[in-house]
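What follows is one structure encoded as structure tokens, with my remarks underneath.
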Amino acid sequence: MVIDPEVIARWSSAAASTDAQATIARLQDEIADEVRRQRPLCVSSGRCCGFEAHGHRLYLTGLETAWTWARLEQRPTLVDVEASMAAGSCPFLAGGCSVHRVRPPGCRIYFCDRDAAGWQSALAERCHLEIRALHDRLDVPYRYAEWRSLLAGFAALEVAS
Ligand code: SF4
């Protein structure tokens, strides 16, 4: 996906704002609390991050991607992201999640445990509405797209710069 560099710059700047940092930190805490309460089954199957094999896709916003991107110790190249698309998985899947500490909210909510479907959907919807409202408050373009396509946009910009 081609993303206008100016839009990426606006997301990146917004992700560094006090509002975004506080909102995302609060959502992460709320997600962690709910996961502790619900105790979904996780057997480390890798289904949550092996998208194509398990018919699952991670969708999130440009602003959330910018938040994670800014915190990566090692950023994937465009080649890495394209290789992960071809492999059907996340570029950060390396045994477990190699960016666990800075993974986006959607990764924190999703568990393949079928019993988790109800509360997960409600929590995902609530978080999404808050992230949507954050875009409005910060006056940045709203784009909701597949994780790797957003990452490809950010990685392409690094190639160009
Ligand atoms: S960022 Fe981590 S948790 Fe999220 S899909 Fe990728 S490997 Fe999985």
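The way I read the labels, and the way they are meant: chains A, B, ... in the order of the structure tokens, residue 1 as the first residue of every chain, and ligand 1 as the first ligand shown, with later ones counted on from there.
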Please report as a tab-separated table every residue of chain A lying within 6 Å of ligand 1, along with the nearest atom pair and their distance in Å (one decimal), using only C-alpha atoms and all ligand atoms.
residue	atom	partner	partner_atom_place_in_ligand_line	distance
A:Cys49	CA	ligand 1	8 (Fe)	4.0
A:Cys90	CA	ligand 1	6 (Fe)	4.6
A:Phe92	CA	ligand 1	7 (S)	4.4
A:Leu93	CA	ligand 1	7 (S)	3.9
A:Cys97	CA	ligand 1	7 (S)	4.0
A:Val99	CA	ligand 1	2 (Fe)	5.6
A:His100	CA	ligand 1	2 (Fe)	5.7
A:Arg103	CA	ligand 1	1 (S)	4.8
A:Cys107	CA	ligand 1	4 (Fe)	4.4
| field | chain A: residues DSSP assigns to helix (DSSP H, G or I), reported as a PyMOL selection string | value | chain A and resi 5-15+18-38+51-54+62-71+78-87+100-102+105-109+114-138+147-160
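In terms of minimum interatomic distance to Gly55 in chain A, A:Cys112 ranks closest within A:Leu138, A:Ile8, A:Cys112, A:Ala22, counting only C-alpha atoms.
From CA of Thr77 in chain A back to CA of Leu134 in chain A, the distance works out to 28.1 Å.
Interatomic distance, CA of Ser121 in chain A to CA of Gly95 in chain A: 26.4 Å.
Shortest atom-to-atom contact with Val79 in chain A among A:Pro91, A:Gly62, A:Pro141, A:Gly96: A:Pro91, counting only C-alpha atoms.
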